[in-house]
Amino acid sequence: MKKWTILIIIITFLSGCIPKSYIETLGIITAVGYDLTEEDRIRGTLVMFQFDPAASGTSQVVTGEADTSKGIRFSTGRLTSHELVSGQVRLEIFENKLAERGMMKYMDTLQRDAKVSDMGYLATSEVPTEELLKSENDEDRPNTGSYIQKLIEKSIKNESIPNAVLSTFIHDYYDEGRDPTLPSLTLDEDKAVINGISLFQNDRLVNTISQERMFFVMLMMHEFKHGQFQLQLPNDALTMYHKKESMESPGKGPLHVSLHEIKTKRKITPTKGTPTKQTLKLEMEGRLLEITQDTDLKNNKAIEALEKEIEKKVENQLEETLQVLKDNQVDPVGFGAKYNAFNRSNRVTNENWREQIPDLQVEFQVNFKLLRYGITE
Amino acid sequence: MKTNIRLNPDKSVQAFYLFFIIHTSQIGAGLMGVPRILALEAGVDAWISVLIAGVYLHFIAYVMLSILKSYDNADILGIQCDLFGKWVGKTLGLVYVLYIFQLLLTVLKNYIEVVQVFVFPEMPIWLMALFLISLMVYSIVGGFRVVVGTSVIFFFLTIWLAFTIYKPITYMDLEHFLPVMQTSPWDVLKGAQQVTFSVLGLEILLFVYPYIQNKKEAALPVHLGVFFTTFLIMLVTVVSIGYFSPDQLKQTVWATLSLFKIISFSVLERFDFIAVALWMMVIIPNLVLFGWMIVHSLKRLFNFSEKPSLYTLAVLLFIISVIIEERIGLNELTNWTGRIGFWIVFIYPLFIYMVIILKKLLKKGQTS
C-alpha cells in the first residue's frame, strides 16, 4: 500500500513537467495574411487576439518578414510580449502575387502542423493583405480578421461562393482532373469585400472570375439548396404576355427577373473514351420574386415562355463561363475527375488534363421550373 | 512443463469476455494509420483488401480454435512443447515472447509519437513512457481478471469515438470509389496483407484459452470480436478514401486522426486533441494484455515468478523506448513488427494445425 502511495505522489508531481500555457500570456493568432515583398520574401501579417480581463475583444495586428511562413511567427515574436500560438488560425489570406507562384509551398506548413485546424478558411487578395487586415471600415472592427472570416463563412452558407476551407482546397488540389478555387478579396472604401472567385491551375492562381459570373461557376460546381440570383432576359422576350391594363408602357426598360429559393440537381455525364466531351444536365427549381416588366403571370403560357427564356439565358451564360474557364485552362468543376470515375481507359491525370481543357466541350441541358411567383398575381 | 493448465475457477473468466479481449488487443495504434498504409498498396480499392483480410481473419480464428480444441485446457506454449519436444517447444515459446515484446514496444512508441506530433511537442518520451508503463504494471499486478476487466472498461470508454465519424462522412466524395478494381488484384492482396499488420493481437486467443470457463461457447465471441475489428477498420478506410483525395491520403500519416480534425463543437474547437488523448484508453488494453502475455509465458516456460519478471519487463520497455528516438527508427520497427507478426500470427497457426492433424493420423495408423 505504501509503495502505491509513493508512486501516486511521484506521478502527481511529475505531471508538473507537462508544458503549460496561461491564456493571458498567449497571443492567439486568428488570421494570417501573406504578401510578397520586393525582395521576394514573404511578409506576414498576423491578427492576434489577447485575453485581457480588463478589456473586451482586444486584438492587434503585427507584421513580420521572413522566408518561410513559420519564420514569420518567429520574426514577429520580437514585436509582442505574448506567446504567439497558431491553434486558432481560422483565416489565411494570400496576396495574388504570392498565390500566382503556387500556394502549396506556403500551405505545406498548414498541412504538416497538427496544431493548425483543417477547417480554417483560405482566400486570395488583390491588394496586399496587410492593408486588408488593417482596414478599419467594417462592422467587427477592430478585429478585421474575424470580420473577413465571418464574411466568407456567411457567403459559403448562402451558396454564393464555393467552400473554401483548407481541407477542401487540399482535397481539390490532390484530386486528379479537378482544380481548387478560393474566394477573392479586395478593398472597397477601406472595407474588405469579396469580388469574385480565384481560379487555380493546380496551386497557381491564374485568374479571378468576376462576381457576375460567380453564380454560373457555382451552378456547375455545386447543387444549390436555397440559392438566389438575378438574370437579364432579352427586352422583348415576353411582350405578348404583358398585362392589357397597363398597355401604355409595359415593356419599357430591360427585362430583369430575380429568382429565389433555387434548388438545382446537376448530372455530369462524360462520353466513354473521350474526356473532352461531356454533358451537363441541370434541373432547376426556383421562385420568382421580382420581374421588371408588367407581365401576366396568370397565363400558363407566359410562365412557360418565361421558363424557356430563363433556360436559354442560363445555358448561354454557362457556355460563356465555361469559355472563361477554358481560356484559363482550369477545371474547378472536376469534369476530368468525373470522367475518371466512370472510365478505365484513357484516364485523366493532372498533367494531361491541363492540355485537354481547351478542347473541352460540354453540352448544357438546363431545365427550369418556376414554382411560385409571390403573393401577388 | 505441463501441456494442460489446471486452474481455480475464480481465476478464469466467462467465454463472452473473449470478445473484449480479442477486440481490444487487435485495435490499437495501428488503426490510426491504417487507411494510408492500405492506400499506398491498394489505392482506392483498399476497402476490398479489408474485406479479404476480414475473411482471412475469421479463417485464422477458426484454425486457432480448432488447434485449441484438440487439447483439453492447453495454451500455445504447452502445445508447442507437446508437439516438438521440450527444447524446440521452449525455443518457439521464447520467439513468441520476444515478438510480443516487440509488439508492445511498437504500440507504446507509436502512441507517444502521436502525442508528441499532435498535442505536446515538448513532452519528453521518458515521461509518457513512464506514465503508460506504470499504468500497465498496475493492472497486470492485479492478475488476469483485472487485465480482462481493463479491456472491458476501456472498450466501453472509447467505442463512442466511432460515432463521431459522422461528420467526415458528410464530406465524402463517393466518386473516389469509382471505377471499382482499378488496382491490380495482386496489389489488393498486398493491401490485405497490410491490414493484417494492423490487427495483430489475435494470437492472444492462443494464450488465454485455458482461462475460459465455458469453452464450448468460445467460438461466437471470438468471431464477433474479429468481425467488429474488421468492421472498424472498414469504416475508417471507407471514410478516409471518400474524404481524402487518393494522392492526399497517401501523404496523411495518421488518416484516422486527421478525420477527427474537422469535428468541432462550439465549446470545443478541436476535437482531434480529445481523440488523441482518448486514444490512450485504446492503447492501455493493448499494453496490459500484451504485458500479461509476456509475464504469463515466462512463468509457463521457465517458471519465472511473476512480479520480478513484470518489473524487469517494465524497466526494459522503458529503457528501449527512450533509446529509439528518431522517426525513421520507429518506422523500421513498425515495419519489422508487422512482417514478423504476419508470419507468427497468420501463417504459423496453419502449420501447427497441420502438424496436429498429421499426429492424429499417425496415432490412428498405429492403433489400427
# chains A, B, ... in the order shown; residues from 1 in each chain; ligands from 1
>>> interface_residues(of="chain A", to="chain B", cutoff="6 Å", atoms="only C-alpha atoms", output="ChimeraX atom specification")
/A:114,118-119,171,174-175,341-342
>>> select_by_dssp(residues="region 29-106 of chain A", states="helix (DSSP H, G or I)", output="ChimeraX atom specification")
/A:69-79,96-99,104-106
>>> write_last_selection(atoms="C-alpha atoms", output="PDB file, in the first residue's frame")
ATOM      1  CA  SER A  69       5.693  31.173 -43.068  1.00  0.00           C
ATOM      2  CA  LYS A  70       6.851  29.740 -39.759  1.00  0.00           C
ATOM      3  CA  GLY A  71       9.711  32.210 -39.907  1.00  0.00           C
ATOM      4  CA  ILE A  72       7.135  34.972 -39.789  1.00  0.00           C
ATOM      5  CA  ARG A  73       5.905  33.794 -36.464  1.00  0.00           C
ATOM      6  CA  PHE A  74       9.464  33.809 -35.304  1.00  0.00           C
ATOM      7  CA  SER A  75      10.236  37.278 -36.629  1.00  0.00           C
ATOM      8  CA  THR A  76       7.033  38.743 -35.237  1.00  0.00           C
ATOM      9  CA  GLY A  77       7.934  37.292 -31.874  1.00  0.00           C
ATOM     10  CA  ARG A  78      10.049  40.326 -31.117  1.00  0.00           C
ATOM     11  CA  LEU A  79       7.069  42.632 -31.632  1.00  0.00           C
ATOM     12  CA  ASN A  96      -2.421  37.346 -55.576  1.00  0.00           C
ATOM     13  CA  LYS A  97       1.249  37.891 -56.428  1.00  0.00           C
ATOM     14  CA  LEU A  98       2.154  35.194 -53.950  1.00  0.00           C
ATOM     15  CA  ALA A  99      -0.626  32.842 -54.990  1.00  0.00           C
ATOM     16  CA  MET A 104       1.424  24.589 -51.865  1.00  0.00           C
ATOM     17  CA  LYS A 105       4.854  25.615 -50.648  1.00  0.00           C
ATOM     18  CA  TYR A 106       3.184  28.017 -48.240  1.00  0.00           C
TER      19      TYR A 106
END
>>> residues_around(residues="region 343-357 of chain A", least_positions_apart="3", cutoff="10 Å", atoms="only C-alpha atoms", output="number ranges by chain")
A: 173-179, 201-202, 270-276, 325-331, 335-340, 360-361; B: 178-182
>>> atom_distance(atom1="CA of Tyr166 (chain B)", atom2="CA of Ile241 (chain B)")
14.4 Å
>>> residues_around(residues="Thr106 (chain B)", least_positions_apart="3", cutoff="8 Å", atoms="only C-alpha atoms", output="PyMOL selection string")
chain B and resi 102-103+109-110+330+333-334+337
>>> write_last_selection(atoms="C-alpha atoms", output="PDB file, in the first residue's frame")
ATOM      1  CA  GLN B 102       8.428  -6.041 -29.889  1.00  0.00           C
ATOM      2  CA  LEU B 103       4.707  -5.578 -30.500  1.00  0.00           C
ATOM      3  CA  LYS B 109       6.314   4.126 -29.254  1.00  0.00           C
ATOM      4  CA  ASN B 110       3.709   4.841 -31.895  1.00  0.00           C
ATOM      5  CA  LEU B 330      10.252   3.877 -35.339  1.00  0.00           C
ATOM      6  CA  LEU B 333      10.469  -1.028 -36.022  1.00  0.00           C
ATOM      7  CA  THR B 334       6.812  -0.858 -37.049  1.00  0.00           C
ATOM      8  CA  THR B 337       6.901  -5.938 -36.235  1.00  0.00           C
TER       9      THR B 337
END
>>> closest_residue(among="A:Leu238, A:Phe51, A:Glu159, A:Leu322", to="Ile303 (chain A)", atoms="only C-alpha atoms")
A:Leu238
>>> residues_around(residues="Ile291 (chain A)", least_positions_apart="6", cutoff="7 Å", atoms="only C-alpha atoms", output="PyMOL selection string")
chain A and resi 256-258
>>> atom_distance(atom1="CA of Trp160 (chain B)", atom2="CA of Val267 (chain B)")
18.8 Å
>>> atom_distance(atom1="CA of Leu161 (chain B)", atom2="CA of Trp279 (chain B)")
9.3 Å
>>> residues_around(residues="Pro162 (chain A)", least_positions_apart="6", cutoff="8 Å", atoms="only C-alpha atoms", output="short mmCIF file (atom, residue, chain, number, x, y, z; two decimals) with C-alpha atoms, in the first residue's frame")
data_model
loop_
_atom_site.label_atom_id
_atom_site.label_comp_id
_atom_site.auth_asym_id
_atom_site.auth_seq_id
_atom_site.Cartn_x
_atom_site.Cartn_y
_atom_site.Cartn_z
CA ILE A 156 -20.45 29.88 -48.22
CA THR A 181 -10.95 27.63 -56.17
CA LEU A 182 -10.88 30.26 -53.46
CA PRO A 183 -12.81 33.43 -52.78
CA MET A 218 -21.37 27.71 -58.75
CA MET A 221 -19.75 23.05 -59.27
CA HIS A 222 -22.44 22.77 -56.70
#
>>> residues_around(residues="Ile194 (chain A)", least_positions_apart="6", cutoff="9 Å", atoms="only C-alpha atoms", output="list in words")
Leu151, Ile152, Ser155, Pro183, Ser184, Leu185, Thr186, Leu187 and Gln211 of chain A
>>> write_last_selection(atoms="N, CA and C atoms", output="PDB file, in the first residue's frame")
ATOM      1  N   LEU A 151     -17.457  36.917 -43.008  1.00  0.00           N
ATOM      2  CA  LEU A 151     -17.927  37.234 -44.361  1.00  0.00           C
ATOM      3  C   LEU A 151     -17.862  35.996 -45.261  1.00  0.00           C
ATOM      4  N   ILE A 152     -16.715  35.314 -45.201  1.00  0.00           N
ATOM      5  CA  ILE A 152     -16.554  34.126 -46.050  1.00  0.00           C
ATOM      6  C   ILE A 152     -17.493  33.025 -45.591  1.00  0.00           C
ATOM      7  N   SER A 155     -20.956  33.759 -46.768  1.00  0.00           N
ATOM      8  CA  SER A 155     -21.114  33.610 -48.213  1.00  0.00           C
ATOM      9  C   SER A 155     -21.175  32.145 -48.622  1.00  0.00           C
ATOM     10  N   PRO A 183     -12.221  32.108 -52.636  1.00  0.00           N
ATOM     11  CA  PRO A 183     -12.811  33.435 -52.781  1.00  0.00           C
ATOM     12  C   PRO A 183     -11.710  34.478 -52.945  1.00  0.00           C
ATOM     13  N   SER A 184     -12.005  35.493 -53.752  1.00  0.00           N
ATOM     14  CA  SER A 184     -11.029  36.557 -53.938  1.00  0.00           C
ATOM     15  C   SER A 184     -11.523  37.794 -53.212  1.00  0.00           C
ATOM     16  N   LEU A 185     -10.611  38.437 -52.472  1.00  0.00           N
ATOM     17  CA  LEU A 185     -10.998  39.600 -51.678  1.00  0.00           C
ATOM     18  C   LEU A 185     -10.371  40.854 -52.261  1.00  0.00           C
ATOM     19  N   THR A 186     -10.998  41.981 -52.003  1.00  0.00           N
ATOM     20  CA  THR A 186     -10.383  43.243 -52.355  1.00  0.00           C
ATOM     21  C   THR A 186     -10.861  44.305 -51.372  1.00  0.00           C
ATOM     22  N   LEU A 187     -10.310  45.492 -51.488  1.00  0.00           N
ATOM     23  CA  LEU A 187     -10.717  46.576 -50.604  1.00  0.00           C
ATOM     24  C   LEU A 187     -11.684  47.485 -51.344  1.00  0.00           C
ATOM     25  N   GLN A 211     -17.626  38.700 -60.138  1.00  0.00           N
ATOM     26  CA  GLN A 211     -18.736  38.272 -59.295  1.00  0.00           C
ATOM     27  C   GLN A 211     -20.016  38.034 -60.084  1.00  0.00           C
TER      28      GLN A 211
END
>>> select_by_dssp(residues="region 101-290 of chain A", states="strand (DSSP E or B)", output="count of residues only")
72
>>> closest_atom_pairs(of="region 207-322 of chain B", to="region 42-66 of chain B", cutoff="9 Å", atoms="only C-alpha atoms", output="Markdown table")
| residue | atom | partner | partner_atom | distance |
| --- | --- | --- | --- | --- |
| B:Tyr209 | CA | B:Leu65 | CA | 8.9 |
| B:Ala218 | CA | B:Leu65 | CA | 8.3 |
| B:Ala219 | CA | B:Leu65 | CA | 7.2 |
| B:Val222 | CA | B:Ala61 | CA | 7.2 |
| B:His223 | CA | B:His58 | CA | 6.4 |
| B:Val226 | CA | B:His58 | CA | 6.7 |
| B:Phe227 | CA | B:Gly54 | CA | 7.2 |
| B:Thr229 | CA | B:Gly54 | CA | 8.6 |
| B:Thr230 | CA | B:Gly54 | CA | 5.5 |
| B:Phe231 | CA | B:Gly54 | CA | 8.4 |
| B:Ile233 | CA | B:Val50 | CA | 7.3 |
| B:Met234 | CA | B:Val50 | CA | 6.1 |
| B:Leu235 | CA | B:Trp47 | CA | 9.0 |
| B:Thr237 | CA | B:Trp47 | CA | 6.4 |
| B:Val238 | CA | B:Trp47 | CA | 6.2 |
| B:Ile241 | CA | B:Val44 | CA | 6.2 |
| B:Gly242 | CA | B:Val44 | CA | 8.8 |
| B:Pro246 | CA | B:Val44 | CA | 6.6 |
| B:Asp247 | CA | B:Gly43 | CA | 8.9 |
| B:Lys250 | CA | B:Gly43 | CA | 8.5 |
>>> write_last_selection(atoms="C-alpha atoms", output="compact mmCIF listing (two decimals), in the first residue's frame")
# COMPACT_ATOMS: atom_id res chain seq x y z
CA TYR B 209 -7.88 -20.10 -23.87
CA ALA B 218 -15.90 -19.65 -27.12
CA ALA B 219 -16.35 -19.60 -30.89
CA VAL B 222 -14.11 -14.83 -30.85
CA HIS B 223 -15.70 -14.42 -34.24
CA VAL B 226 -12.80 -10.37 -35.10
CA PHE B 227 -15.83 -9.15 -37.03
CA THR B 229 -12.35 -5.28 -35.58
CA THR B 230 -12.82 -5.74 -39.32
CA PHE B 231 -15.87 -3.50 -39.23
CA ILE B 233 -11.09 -0.90 -39.97
CA MET B 234 -13.55 -1.00 -42.85
CA LEU B 235 -15.30 2.09 -41.51
CA THR B 237 -10.84 3.03 -44.53
CA VAL B 238 -14.02 3.73 -46.45
CA ILE B 241 -10.99 7.08 -49.13
CA GLY B 242 -14.09 9.16 -49.59
CA PRO B 246 -6.25 9.48 -53.37
CA ASP B 247 -2.91 11.30 -53.50
CA LYS B 250 -1.03 8.72 -49.39
